[in-house]
$ cat my_file.cif   # mmCIF, C-alpha atoms
data_final
#
loop_
_atom_site.label_atom_id
_atom_site.label_comp_id
_atom_site.auth_asym_id
_atom_site.auth_seq_id
_atom_site.Cartn_x
_atom_site.Cartn_y
_atom_site.Cartn_z
CA MET A 1 7.86 -25.94 -1.96
CA PRO A 2 7.01 -22.85 0.18
CA GLN A 3 5.16 -20.12 -1.73
CA PHE A 4 3.99 -16.72 -0.55
CA LYS A 5 2.89 -13.29 -1.79
CA ILE A 6 4.06 -9.90 -0.51
CA ARG A 7 2.03 -6.71 -1.06
CA VAL A 8 3.45 -3.25 -0.32
CA PRO A 9 1.51 0.00 -0.90
CA ALA A 10 2.61 3.22 -2.55
CA THR A 11 3.17 6.16 -0.23
CA SER A 12 3.05 9.92 -0.27
CA ALA A 13 5.40 11.75 2.10
CA ASN A 14 5.24 15.25 3.61
CA ILE A 15 1.51 15.97 2.95
CA GLY A 16 2.28 19.70 2.88
CA PRO A 17 3.99 20.88 6.08
CA GLY A 18 5.19 17.48 7.34
CA PHE A 19 8.55 17.43 5.55
CA ASP A 20 10.41 14.20 6.40
CA VAL A 21 7.89 13.58 9.20
CA VAL A 22 4.58 12.19 7.91
CA GLY A 23 3.64 9.64 5.28
CA LEU A 24 0.42 8.26 3.83
CA SER A 25 -0.07 4.80 2.30
CA LEU A 26 -2.01 4.71 -0.97
CA SER A 27 -3.80 2.02 -2.96
CA LEU A 28 -1.19 1.32 -5.62
CA TRP A 29 0.77 -1.84 -4.96
CA LEU A 30 4.07 -3.59 -5.47
CA GLU A 31 3.36 -7.34 -5.38
CA LEU A 32 5.91 -10.15 -5.17
CA THR A 33 5.11 -13.83 -5.54
CA ALA A 34 7.94 -16.08 -4.40
CA SER A 35 8.59 -19.82 -4.17
CA HIS A 36 11.67 -21.72 -3.06
CA SER A 37 12.96 -24.99 -1.66
CA PRO A 38 13.86 -25.23 2.03
CA TYR A 39 17.40 -24.55 3.16
CA PRO A 40 19.20 -27.92 3.41
CA SER A 41 20.03 -28.81 7.00
CA ASP A 42 23.59 -29.75 6.09
CA SER A 43 24.26 -26.83 3.71
CA ASP A 44 27.87 -25.88 3.14
CA PRO A 45 28.29 -22.13 3.87
CA GLU A 46 30.93 -22.00 1.16
CA GLN A 47 28.54 -23.31 -1.49
CA THR A 48 26.02 -20.92 -2.95
CA PRO A 49 22.85 -22.19 -4.70
CA PRO A 50 22.07 -21.02 -8.23
CA ARG A 51 21.03 -17.40 -8.61
CA PRO A 52 17.35 -16.66 -8.00
CA LYS A 53 15.14 -16.24 -11.05
CA ILE A 54 13.33 -12.90 -11.21
CA SER A 55 10.60 -11.74 -13.58
CA TYR A 56 8.92 -8.35 -13.54
CA SER A 57 5.79 -6.75 -15.00
CA GLY A 58 4.04 -3.40 -14.75
CA GLU A 59 5.59 0.00 -14.03
CA GLY A 60 9.35 0.08 -14.59
CA SER A 61 9.52 -3.39 -16.11
CA ASP A 62 11.91 -2.18 -18.82
CA GLU A 63 14.43 -0.74 -16.35
CA VAL A 64 14.46 -2.97 -13.26
CA PRO A 65 17.51 -5.27 -12.99
CA LEU A 66 16.56 -8.96 -13.00
CA ASP A 67 19.86 -10.00 -11.45
CA ALA A 68 19.23 -10.76 -7.75
CA TYR A 69 22.58 -9.18 -6.84
CA LYS A 70 21.69 -5.91 -8.55
CA ASN A 71 17.93 -5.66 -7.92
CA LEU A 72 17.15 -3.41 -4.93
CA THR A 73 14.49 -5.65 -3.39
CA THR A 74 16.55 -8.85 -3.48
CA ARG A 75 19.70 -7.05 -2.32
CA VAL A 76 17.78 -5.79 0.73
CA ALA A 77 16.44 -9.31 1.32
CA LEU A 78 19.98 -10.75 1.23
CA TYR A 79 21.15 -8.03 3.63
CA VAL A 80 18.43 -9.02 6.13
CA LEU A 81 19.26 -12.71 5.72
CA ARG A 82 22.98 -12.18 6.26
CA CYS A 83 22.41 -10.03 9.34
CA ASN A 84 20.43 -12.95 10.76
CA GLY A 85 22.78 -15.85 10.05
CA ARG A 86 21.73 -16.89 6.53
CA THR A 87 24.60 -16.30 4.12
CA HIS A 88 22.67 -16.84 0.87
CA PHE A 89 19.24 -17.18 -0.69
CA PRO A 90 17.41 -20.52 -0.34
CA PRO A 91 17.61 -22.99 -3.25
CA ASP A 92 15.31 -22.75 -6.27
CA LEU A 93 14.16 -19.22 -5.44
CA THR A 94 11.81 -17.81 -8.08
CA ILE A 95 10.27 -14.34 -7.74
CA HIS A 96 7.71 -12.57 -9.89
CA CYS A 97 7.13 -8.85 -9.25
CA HIS A 98 4.15 -6.87 -10.48
CA ASN A 99 4.38 -3.13 -9.86
CA GLU A 100 1.67 -0.45 -10.05
CA ILE A 101 3.79 2.36 -8.54
CA PRO A 102 5.37 4.75 -11.08
CA PHE A 103 9.10 5.32 -10.69
CA GLY A 104 10.50 8.74 -9.81
CA ARG A 105 7.12 10.40 -9.30
CA GLY A 106 7.04 10.97 -5.53
CA LEU A 107 4.85 7.95 -4.79
CA GLY A 108 7.33 5.93 -2.78
CA SER A 109 8.51 3.42 -5.37
CA SER A 110 11.95 3.00 -3.79
CA GLY A 111 10.51 2.82 -0.28
CA ALA A 112 8.12 0.09 -1.43
CA ALA A 113 11.01 -1.85 -2.97
CA VAL A 114 12.96 -1.61 0.30
CA ILE A 115 10.02 -2.77 2.44
CA ALA A 116 9.35 -5.60 -0.02
CA GLY A 117 12.99 -6.63 0.40
CA VAL A 118 12.85 -6.55 4.19
CA LEU A 119 9.67 -8.65 4.19
CA LEU A 120 11.16 -11.01 1.59
CA GLY A 121 14.26 -11.62 3.70
CA ASN A 122 12.14 -12.15 6.80
CA ALA A 123 9.92 -14.68 4.99
CA LEU A 124 12.73 -16.56 3.23
CA GLY A 125 14.72 -16.99 6.43
CA GLN A 126 11.62 -17.59 8.59
CA LEU A 127 13.13 -15.02 10.93
CA GLY A 128 9.96 -13.86 12.69
CA LEU A 129 11.15 -10.26 13.00
CA SER A 130 8.92 -7.67 14.70
CA ASP A 131 7.69 -4.54 12.93
CA SER A 132 10.20 -2.51 14.93
CA ARG A 133 13.09 -4.72 13.82
CA LEU A 134 11.90 -4.74 10.21
CA MET A 135 11.96 -0.93 10.36
CA ASP A 136 15.54 -0.98 11.66
CA PHE A 137 16.70 -2.86 8.58
CA ALA A 138 14.63 -0.67 6.25
CA LEU A 139 16.12 2.49 7.78
CA MET A 140 19.64 1.23 7.20
CA VAL A 141 18.83 1.45 3.48
CA GLU A 142 16.22 4.23 3.19
CA ARG A 143 17.49 6.81 5.65
CA HIS A 144 14.25 8.87 5.83
CA PRO A 145 11.47 7.18 7.84
CA ASP A 146 8.37 8.81 6.36
CA ASN A 147 7.87 6.61 3.27
CA VAL A 148 9.08 3.27 4.59
CA THR A 149 7.12 3.55 7.84
CA ALA A 150 3.88 4.27 6.00
CA ALA A 151 4.63 1.52 3.47
CA LEU A 152 5.19 -1.10 6.17
CA LEU A 153 2.48 -0.11 8.65
CA GLY A 154 -0.16 1.55 6.47
CA GLY A 155 -2.36 4.58 7.07
CA PHE A 156 -1.43 8.14 8.03
CA ILE A 157 1.85 7.87 9.94
CA GLY A 158 4.17 10.22 11.78
CA SER A 159 7.71 9.05 12.45
CA TYR A 160 11.10 10.15 13.72
CA LEU A 161 14.64 8.84 14.05
CA ARG A 162 15.80 8.30 17.61
CA GLU A 163 18.87 9.96 19.04
CA LEU A 164 21.09 6.90 19.49
CA ASP A 165 24.20 6.45 21.59
CA GLU A 166 27.55 7.01 19.88
CA ALA A 167 28.15 3.39 18.88
CA ALA A 168 24.63 2.93 17.50
CA THR A 169 24.81 6.27 15.70
CA GLN A 170 27.99 5.19 13.94
CA ALA A 171 26.43 1.83 13.04
CA ALA A 172 23.32 3.51 11.62
CA SER A 173 25.40 6.00 9.65
CA VAL A 174 27.61 3.65 7.64
CA PRO A 175 27.59 4.41 3.92
CA LEU A 176 24.85 2.74 1.91
CA SER A 177 27.60 1.20 -0.25
CA GLU A 178 28.57 -0.92 2.77
CA VAL A 179 24.99 -1.92 3.62
CA LEU A 180 24.10 -2.84 0.03
CA PRO A 181 27.41 -3.34 -1.80
CA GLU A 182 27.45 -3.62 -5.56
CA TYR A 183 28.35 -7.16 -6.55
CA PRO A 184 31.14 -7.25 -9.16
CA PRO A 185 30.92 -9.95 -11.86
CA GLU A 186 33.72 -11.96 -10.22
CA ALA A 187 32.09 -11.90 -6.75
CA GLY A 188 32.18 -15.25 -4.97
CA PRO A 189 29.99 -16.65 -2.17
CA GLN A 190 32.11 -14.93 0.50
CA TRP A 191 31.80 -11.47 -1.01
CA GLY A 192 29.76 -9.08 1.17
CA ARG A 193 28.90 -11.79 3.69
CA ASP A 194 29.32 -9.67 6.81
CA PRO A 195 27.34 -6.45 6.32
CA PRO A 196 26.94 -3.93 9.17
CA ASN A 197 23.98 -4.97 11.30
CA ALA A 198 21.19 -2.53 12.15
CA PRO A 199 21.08 -1.03 15.65
CA LEU A 200 17.94 -1.68 17.68
CA GLY A 201 15.13 0.88 17.65
CA ILE A 202 16.36 3.36 15.03
CA GLY A 203 12.93 4.85 14.37
CA HIS A 204 9.63 5.33 16.18
CA PHE A 205 6.16 6.09 14.82
CA VAL A 206 2.56 6.96 15.63
CA ARG A 207 -0.55 6.38 13.51
CA PHE A 208 -2.89 9.34 13.14
CA PRO A 209 -6.63 8.97 12.54
CA TRP A 210 -7.93 9.30 8.99
CA ALA A 211 -11.50 10.21 8.03
CA PRO A 212 -12.79 7.42 5.75
CA GLU A 213 -14.51 9.81 3.32
CA ILE A 214 -11.21 11.48 2.34
CA LYS A 215 -9.65 10.16 -0.86
CA ALA A 216 -6.47 11.14 -2.68
CA VAL A 217 -6.36 12.38 -6.27
CA ALA A 218 -2.84 11.70 -7.56
CA ILE A 219 -2.02 13.93 -10.56
CA ILE A 220 1.07 12.33 -12.06
CA PRO A 221 3.23 14.24 -14.59
CA GLN A 222 4.85 12.06 -17.23
CA PHE A 223 8.43 12.81 -16.25
CA GLU A 224 10.67 11.53 -13.48
CA LEU A 225 12.25 13.62 -10.73
CA SER A 226 14.88 11.99 -8.54
CA THR A 227 14.68 12.56 -4.80
CA SER A 228 18.35 13.54 -4.71
CA LYS A 229 17.81 16.28 -7.32
CA ALA A 230 14.74 17.53 -5.45
CA ARG A 231 16.74 17.66 -2.20
CA ASP A 232 19.63 19.52 -3.82
CA VAL A 233 17.48 22.63 -4.33
CA LEU A 234 16.57 22.89 -0.63
CA PRO A 235 18.40 25.42 1.55
CA ASN A 236 20.70 24.40 4.40
CA GLU A 237 19.06 26.87 6.80
CA TYR A 238 15.51 28.16 7.36
CA SER A 239 14.12 31.18 9.12
CA ARG A 240 12.36 30.74 12.46
CA LYS A 241 9.25 32.26 10.89
CA ASP A 242 9.05 29.58 8.18
CA LEU A 243 9.68 26.72 10.61
CA VAL A 244 6.99 27.97 12.99
CA PHE A 245 4.63 28.35 10.01
CA ASN A 246 5.06 24.65 9.19
CA MET A 247 4.94 23.39 12.77
CA GLN A 248 1.70 25.24 13.48
CA ARG A 249 0.04 23.74 10.44
CA LEU A 250 1.33 20.22 11.01
CA ALA A 251 -0.01 20.27 14.57
CA VAL A 252 -3.47 21.06 13.21
CA LEU A 253 -3.34 18.82 10.13
CA THR A 254 -2.66 15.56 11.96
CA THR A 255 -5.92 15.97 13.87
CA ALA A 256 -8.00 17.66 11.16
CA LEU A 257 -7.61 14.80 8.65
CA GLY A 258 -9.15 12.39 11.16
CA ARG A 259 -12.33 14.35 11.78
CA SER A 260 -15.68 13.74 10.09
CA PRO A 261 -17.08 15.72 8.47
CA ALA A 262 -13.85 17.17 7.10
CA ASP A 263 -13.33 20.93 7.37
CA PRO A 264 -12.10 22.22 3.97
CA GLU A 265 -11.09 25.68 5.18
CA LEU A 266 -9.07 24.29 8.10
CA ILE A 267 -7.35 21.53 6.09
CA TYR A 268 -6.57 23.68 3.05
CA GLU A 269 -4.68 26.22 5.16
CA ALA A 270 -3.03 23.47 7.25
CA MET A 271 -1.58 21.82 4.12
CA LYS A 272 0.46 24.87 3.15
CA ASP A 273 4.24 24.65 3.32
CA ARG A 274 7.30 26.91 3.38
CA VAL A 275 10.04 24.31 3.81
CA HIS A 276 10.21 22.35 0.55
CA GLN A 277 7.50 23.20 -1.99
CA PRO A 278 8.60 26.81 -2.70
CA TYR A 279 12.11 25.62 -3.54
CA ARG A 280 11.00 22.81 -5.83
CA LYS A 281 8.76 24.91 -8.08
CA SER A 282 11.61 25.40 -10.56
CA LEU A 283 11.72 21.61 -11.06
CA ILE A 284 7.99 21.20 -11.66
CA PRO A 285 6.48 23.54 -14.27
CA GLY A 286 2.96 24.58 -13.27
CA LEU A 287 3.31 23.71 -9.58
CA PRO A 288 2.76 27.25 -8.17
CA GLU A 289 -0.22 27.82 -10.47
CA ILE A 290 -1.89 24.56 -9.42
CA LEU A 291 -1.31 25.12 -5.71
CA SER A 292 -2.77 28.62 -5.89
CA SER A 293 -5.68 28.13 -8.29
CA LEU A 294 -7.28 24.93 -6.97
CA THR A 295 -9.05 25.79 -3.71
CA PRO A 296 -12.11 24.58 -1.79
CA SER A 297 -14.04 27.63 -3.04
CA THR A 298 -13.23 27.01 -6.72
CA HIS A 299 -13.54 23.22 -6.44
CA PRO A 300 -16.10 22.09 -3.85
CA GLY A 301 -15.03 18.78 -2.34
CA LEU A 302 -11.34 19.71 -2.38
CA LEU A 303 -9.76 19.78 1.08
CA GLY A 304 -6.12 20.49 0.37
CA ILE A 305 -3.40 20.14 -2.22
CA CYS A 306 0.33 19.53 -2.00
CA LEU A 307 3.38 18.04 -3.63
CA SER A 308 3.58 14.27 -3.12
CA GLY A 309 6.96 13.52 -1.60
CA ALA A 310 9.71 15.10 -3.68
CA GLY A 311 7.35 15.33 -6.67
CA PRO A 312 6.51 15.75 -9.41
CA THR A 313 3.13 14.19 -8.49
CA ILE A 314 0.53 16.54 -7.02
CA LEU A 315 -1.71 15.08 -4.31
CA ALA A 316 -5.19 16.55 -3.84
CA LEU A 317 -7.16 15.35 -0.82
CA ALA A 318 -10.89 15.51 -1.47
CA THR A 319 -14.31 14.15 -0.60
CA GLY A 320 -15.80 14.56 -4.09
CA ASN A 321 -15.60 16.37 -7.44
CA TYR A 322 -12.53 14.27 -8.25
CA ASP A 323 -12.78 14.53 -12.06
CA ALA A 324 -13.00 18.32 -12.07
CA ILE A 325 -10.06 18.65 -9.67
CA ALA A 326 -7.89 16.32 -11.74
CA ASN A 327 -8.87 17.73 -15.13
CA ASP A 328 -8.29 21.36 -14.11
CA ALA A 329 -4.85 20.45 -12.76
CA LYS A 330 -4.21 18.53 -15.97
CA ASN A 331 -5.14 21.60 -18.05
CA ILE A 332 -2.74 23.81 -16.08
CA PHE A 333 0.08 21.33 -16.59
CA LYS A 334 -0.76 21.21 -20.29
CA GLN A 335 -0.17 24.97 -20.54
CA PHE A 336 3.42 24.25 -19.52
CA GLY A 337 3.81 21.39 -21.99
CA VAL A 338 3.50 18.66 -19.33
CA GLU A 339 1.30 15.64 -19.95
CA VAL A 340 -0.19 13.95 -16.90
CA ASP A 341 -2.05 10.86 -15.82
CA TRP A 342 -4.26 10.82 -12.75
CA LYS A 343 -5.59 8.22 -10.34
CA LEU A 344 -8.19 8.25 -7.59
CA LEU A 345 -6.68 6.42 -4.62
CA GLU A 346 -7.79 5.25 -1.21
CA VAL A 347 -5.68 5.33 1.92
CA SER A 348 -4.50 1.74 2.09
CA GLY A 349 -3.77 -0.77 4.80
CA ARG A 350 -0.35 -2.08 5.76
CA SER A 351 2.03 -4.34 3.88
CA GLU A 352 1.24 -8.01 4.13
CA VAL A 353 2.75 -11.43 3.56
CA VAL A 354 0.28 -14.15 2.57
CA TYR A 355 1.36 -17.79 2.43
CA LEU A 356 -0.20 -19.65 -0.49
#

$ encode --input "my_file.cif" --output "structure tokens"
Amino acid sequence: MPQFKIRVPATSANIGPGFDVVGLSLSLWLELTASHSPYPSDSDPEQTPPRPKISYSGEGSDEVPLDAYKNLTTRVALYVLRCNGRTHFPPDLTIHCHNEIPFGRGLGSSGAAVIAGVLLGNALGQLGLSDSRLMDFALMVERHPDNVTAALLGGFIGSYLRELDEAATQAASVPLSEVLPEYPPEAGPQWGRDPPNAPLGIGHFVRFPWAPEIKAVAIIPQFELSTSKARDVLPNEYSRKDLVFNMQRLAVLTTALGRSPADPELIYEAMKDRVHQPYRKSLIPGLPEILSSLTPSTHPGLLGICLSGAGPTILALATGNYDAIANDAKNIFKQFGVEVDWKLLEVSGRSEVVYL
């Protein structure tokens, strides 16, 4: 019976000025262990094997659906399988998930679930898909490339969505409800069998260098903030001045974080942002105070500080003094009635599939 393990890292998007552009993989993991019987050579496409068995532990274990037709990871896996000629899961599929990534905290939990699903579908169907093709399927589900690209490929990643021709643009823009349809209780084996396939080459990426001495202090408030709510507070238009402010800093930051020794003054200024963080401060009590009061001069070892993804997690990049940085941020949050946890994280490697 084939058995394998999938590991997908947490991610932090934006890293200050890189809104929807850069992502960073971090050493918290979503792990799946799966086993199944081979697909029968004479399988009847009208006959569906019993539903997969799913168990779950760790972060979010009390809220994750254990039905394979409702769980995000297995729904993505089935989407990949069906786009590649497999209409259903293999027989006797059993999956155990262990998750270290907090939900709704800006650490890429949904992106990790999507990448885990793409890798699961690829492994179950023995499809042999390339990284580029895996990204196409991931981007049909998670329409922003920053988190999923970093989760799949690891490291400090810049990415963009290509300008596709009209037909491919329409294919890549179908509603998510058509890509991952909800399965009603009465759904039969034919239901949702022909999902819209992913166009080729939706997204492209580049990996930036990362200085090995730089670690990430993740200061994690104990409340959830949905990405959709955090996007709703953003304006539809920006001034040229604010866009130039961000572009200047991003151009510097992508090189500065790869240099040893790290330059605190350069990085701290390069991690400032005018595109998303100022508008999200109303959603995260204490955010402006933390961003303004923790600096390289007040906290030696600190390089820069920013909102992680849509928040509410704060990400501090540093080469030392981690406890003081985290505890002072924790004390500021406490003044606003917000309890936090914190973790010292490394920049991680890529997702992997290991056959057992």

$ atom_distance --input "my_file.cif" --atom1 "CA of Ala13 (chain A)" --atom2 "CA of Ser308 (chain A)"
6.1 Å

$ closest_residue --input "my_file.cif" --among "A:Ala138, A:Phe336, A:Glu224, A:Pro17" --to "Pro278 (chain A)" --atoms "all atoms listed in the file"
A:Pro17

$ closest_residue --input "my_file.cif" --among "A:Ser351, A:Thr295, A:Thr254, A:Thr87" --to "Val22 (chain A)" --atoms "all atoms listed in the file"
A:Thr254

$ residues_around --input "my_file.cif" --residues "Gly337 (chain A)" --least-positions-apart "5" --cutoff "12 Å" --atoms "all atoms listed in the file" --output "list in words"
Pro221, Gln222, Phe223, Ile284, Pro285, Gly286, Lys330, Asn331 and Ile332 of chain A

$ write_last_selection --input "my_file.cif" --atoms "C-alpha atoms" --output "JSON list (two decimals), in the coordinates of the input"
[["chain", "number", "residue", "atom", "x", "y", "z"],
["A", 221, "PRO", "CA", 3.23, 14.24, -14.59],
["A", 222, "GLN", "CA", 4.85, 12.06, -17.23],
["A", 223, "PHE", "CA", 8.43, 12.81, -16.25],
["A", 284, "ILE", "CA", 7.99, 21.20, -11.66],
["A", 285, "PRO", "CA", 6.48, 23.54, -14.27],
["A", 286, "GLY", "CA", 2.96, 24.58, -13.27],
["A", 330, "LYS", "CA", -4.21, 18.53, -15.97],
["A", 331, "ASN", "CA", -5.14, 21.60, -18.05],
["A", 332, "ILE", "CA", -2.74, 23.81, -16.08]]

$ closest_residue --input "my_file.cif" --among "A:Gln170, A:Leu139, A:Asn122, A:Gly16" --to "Gln248 (chain A)" --atoms "all atoms listed in the file"
A:Gly16

$ residues_around --input "my_file.cif" --residues "Pro199 (chain A)" --least-positions-apart "5" --cutoff "12 Å" --atoms "only C-alpha atoms" --output "PyMOL selection string"
chain A and resi 83+132-140+161-174

$ build_atoms --input "my_file.cif" --residues "region 284-294 of chain A" --atoms "all heavy atoms" --output "mmCIF file, in the frame of the given file"
data_model
loop_
_atom_site.group_PDB
_atom_site.id
_atom_site.type_symbol
_atom_site.label_atom_id
_atom_site.label_comp_id
_atom_site.auth_asym_id
_atom_site.auth_seq_id
_atom_site.Cartn_x
_atom_site.Cartn_y
_atom_site.Cartn_z
ATOM 1 N N ILE A 284 9.306 21.725 -11.291
ATOM 2 C CA ILE A 284 7.990 21.200 -11.660
ATOM 3 C C ILE A 284 7.177 22.322 -12.291
ATOM 4 O O ILE A 284 6.513 23.098 -11.587
ATOM 5 C CB ILE A 284 7.261 20.616 -10.436
ATOM 6 C CG1 ILE A 284 8.160 19.580 -9.746
ATOM 7 C CG2 ILE A 284 5.917 19.997 -10.842
ATOM 8 C CD1 ILE A 284 7.694 19.174 -8.378
ATOM 9 N N PRO A 285 7.227 22.475 -13.615
ATOM 10 C CA PRO A 285 6.480 23.540 -14.270
ATOM 11 C C PRO A 285 4.983 23.432 -13.964
ATOM 12 O O PRO A 285 4.394 22.356 -14.056
ATOM 13 C CB PRO A 285 6.744 23.290 -15.766
ATOM 14 C CG PRO A 285 7.999 22.473 -15.806
ATOM 15 C CD PRO A 285 7.981 21.640 -14.565
ATOM 16 N N GLY A 286 4.386 24.557 -13.560
ATOM 17 C CA GLY A 286 2.960 24.580 -13.270
ATOM 18 C C GLY A 286 2.616 24.372 -11.805
ATOM 19 O O GLY A 286 1.460 24.566 -11.399
ATOM 20 N N LEU A 287 3.602 23.989 -10.984
ATOM 21 C CA LEU A 287 3.310 23.710 -9.580
ATOM 22 C C LEU A 287 2.729 24.926 -8.847
ATOM 23 O O LEU A 287 1.681 24.790 -8.182
ATOM 24 C CB LEU A 287 4.580 23.221 -8.863
ATOM 25 C CG LEU A 287 4.469 23.032 -7.344
ATOM 26 C CD1 LEU A 287 3.434 21.975 -7.001
ATOM 27 C CD2 LEU A 287 5.838 22.668 -6.743
ATOM 28 N N PRO A 288 3.337 26.118 -8.913
ATOM 29 C CA PRO A 288 2.760 27.250 -8.170
ATOM 30 C C PRO A 288 1.340 27.580 -8.628
ATOM 31 O O PRO A 288 0.473 27.914 -7.807
ATOM 32 C CB PRO A 288 3.720 28.407 -8.476
ATOM 33 C CG PRO A 288 4.984 27.762 -8.924
ATOM 34 C CD PRO A 288 4.570 26.511 -9.625
ATOM 35 N N GLU A 289 1.105 27.484 -9.940
ATOM 36 C CA GLU A 289 -0.220 27.820 -10.470
ATOM 37 C C GLU A 289 -1.278 26.844 -9.964
ATOM 38 O O GLU A 289 -2.415 27.233 -9.633
ATOM 39 C CB GLU A 289 -0.187 27.823 -11.997
ATOM 40 C CG GLU A 289 0.620 28.969 -12.619
ATOM 41 C CD GLU A 289 2.144 28.789 -12.533
ATOM 42 O OE1 GLU A 289 2.592 27.682 -12.170
ATOM 43 O OE2 GLU A 289 2.866 29.765 -12.813
ATOM 44 N N ILE A 290 -0.932 25.556 -9.894
ATOM 45 C CA ILE A 290 -1.890 24.560 -9.420
ATOM 46 C C ILE A 290 -2.167 24.756 -7.929
ATOM 47 O O ILE A 290 -3.328 24.739 -7.489
ATOM 48 C CB ILE A 290 -1.363 23.142 -9.693
ATOM 49 C CG1 ILE A 290 -1.395 22.869 -11.198
ATOM 50 C CG2 ILE A 290 -2.187 22.088 -8.949
ATOM 51 C CD1 ILE A 290 -0.722 21.574 -11.612
ATOM 52 N N LEU A 291 -1.119 24.958 -7.139
ATOM 53 C CA LEU A 291 -1.310 25.120 -5.710
ATOM 54 C C LEU A 291 -2.135 26.349 -5.362
ATOM 55 O O LEU A 291 -2.851 26.363 -4.352
ATOM 56 C CB LEU A 291 0.052 25.198 -4.999
ATOM 57 C CG LEU A 291 0.929 23.947 -5.050
ATOM 58 C CD1 LEU A 291 2.236 24.184 -4.293
ATOM 59 C CD2 LEU A 291 0.211 22.735 -4.482
ATOM 60 N N SER A 292 -2.053 27.378 -6.193
ATOM 61 C CA SER A 292 -2.770 28.620 -5.890
ATOM 62 C C SER A 292 -4.165 28.686 -6.494
ATOM 63 O O SER A 292 -5.040 29.381 -5.969
ATOM 64 C CB SER A 292 -1.956 29.836 -6.362
ATOM 65 O OG SER A 292 -1.777 29.805 -7.764
ATOM 66 N N SER A 293 -4.411 27.971 -7.586
ATOM 67 C CA SER A 293 -5.680 28.130 -8.290
ATOM 68 C C SER A 293 -6.725 27.071 -7.951
ATOM 69 O O SER A 293 -7.910 27.264 -8.215
ATOM 70 C CB SER A 293 -5.451 28.149 -9.810
ATOM 71 O OG SER A 293 -4.903 26.918 -10.241
ATOM 72 N N LEU A 294 -6.320 25.951 -7.385
ATOM 73 C CA LEU A 294 -7.280 24.930 -6.970
ATOM 74 C C LEU A 294 -7.514 25.080 -5.468
ATOM 75 O O LEU A 294 -6.610 24.813 -4.655
ATOM 76 C CB LEU A 294 -6.760 23.518 -7.281
ATOM 77 C CG LEU A 294 -7.082 22.967 -8.686
ATOM 78 C CD1 LEU A 294 -6.397 23.786 -9.768
ATOM 79 C CD2 LEU A 294 -6.657 21.505 -8.792
#
